[in-house]
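To start, the structure under review is shown below, and the notes come after it.
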Amino acid sequence: MPVLVVNVDHVATLRQARMGIEPEPVTAAYMAEMAGATGIIVHLREDRRHIQDRDVELIKQTCNTRLHLEMAATKEMQSIALNIEPEMVCLVPEKRQELTTEGGLNCIGREDELRDFLAPIHAKGIRSSLFIDADPKQIQAAQATGAEYIEIHTGHYADAKEINARNEEFGRIIKGIALATDIGLKVNLGHGLNYRNILNFRDVPGIKEYSIGHAIMARAIYVGIDQAVRDMVKLIRTFTD
């Protein structure tokens, strides 16, 4: 059965809007775990716009499930990952001007570079994932880096306004999952998934984890983190493995 991993970045976004001390993403991570999340995700951006270094450290110390650290493939982030030792790192592209991650990491032509970057991380026993688009060439390149997982970017599917465009993006993702599975990669999905559009994946095999943050935190404004996470966990528990 696929599982839910909850991203708490947006709790930190609200805190940083006033540069204060609340709301506390560490507390949000604990509450998400208590409500059934199988892991916690934080994205430590180079500009520290939301999650801060102390958040990563404290969540790692208090996490009862597993911590996934999203990060750019930089020396600074590599050093942080080796020090914190999350259960998984997920390499993502990063642009200072973007509101949120706009697409997948380009792995084509960077296979050796990314393999070398991940080598000391793997040596520490930390699993790795690459956040990529559902492009066959990107999936093949990701496999060549030695990463165990990929996380397929579902943002284009989630953002599509027309049903034909949405169906086309959904088809690409399904083909990407099948290809990745065939070549030995484990597959997670993330970005833009919510309580409605995730239902299309109910009968899709080969998905290990759903990485969801914004939709859960948006619902939590009205019903609380506990209920928002429980609602998503309940949905995902009806899905195929």
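Chains: A, B, ... in order of the structure tokens. Residues: from 1 per chain. Ligands: from 1, in order shown.
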
*Tell me, as a ChimeraX atom specification, which residues lie within 7 Å of stretch 170-183 of chain A, counting only C-alpha atoms; anything in the same chain fewer than 3 positions away does not count.*
/A:134-136,139,157,166-167,186-187,206

Exercise for review: Would you mind listing what lies within 9 Å of A:Gly146 as a VMD selection string, with only C-alpha atoms counted and same-chain residues fewer than 6 positions away left out?
Suggested key: chain A and resid 111 114 to 115 118 to 119 128

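With atom CA of A:Thr38 on one side and atom CA of A:Val223 on the other, the separation reads 20.4 Å.
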
Correct to one decimal, the distance atom CA of A:Ser79-atom CA of A:Tyr149 is 20.8 Å

Exercise for review: Any chance you could list, as a PyMOL selection string, the residues in stretch 27-211 of chain A that come up strand (DSSP E) when DSSP is run on the backbone?
Suggested key: chain A and resi 39-43+67-71+88-91+127-132+149-153+186-190+207-211

Shortest contact to A:Glu85, candidates A:Asn106, A:Gln61, A:Asn197, A:Thr238, atoms counted only C-alpha atoms, goes to A:Gln61
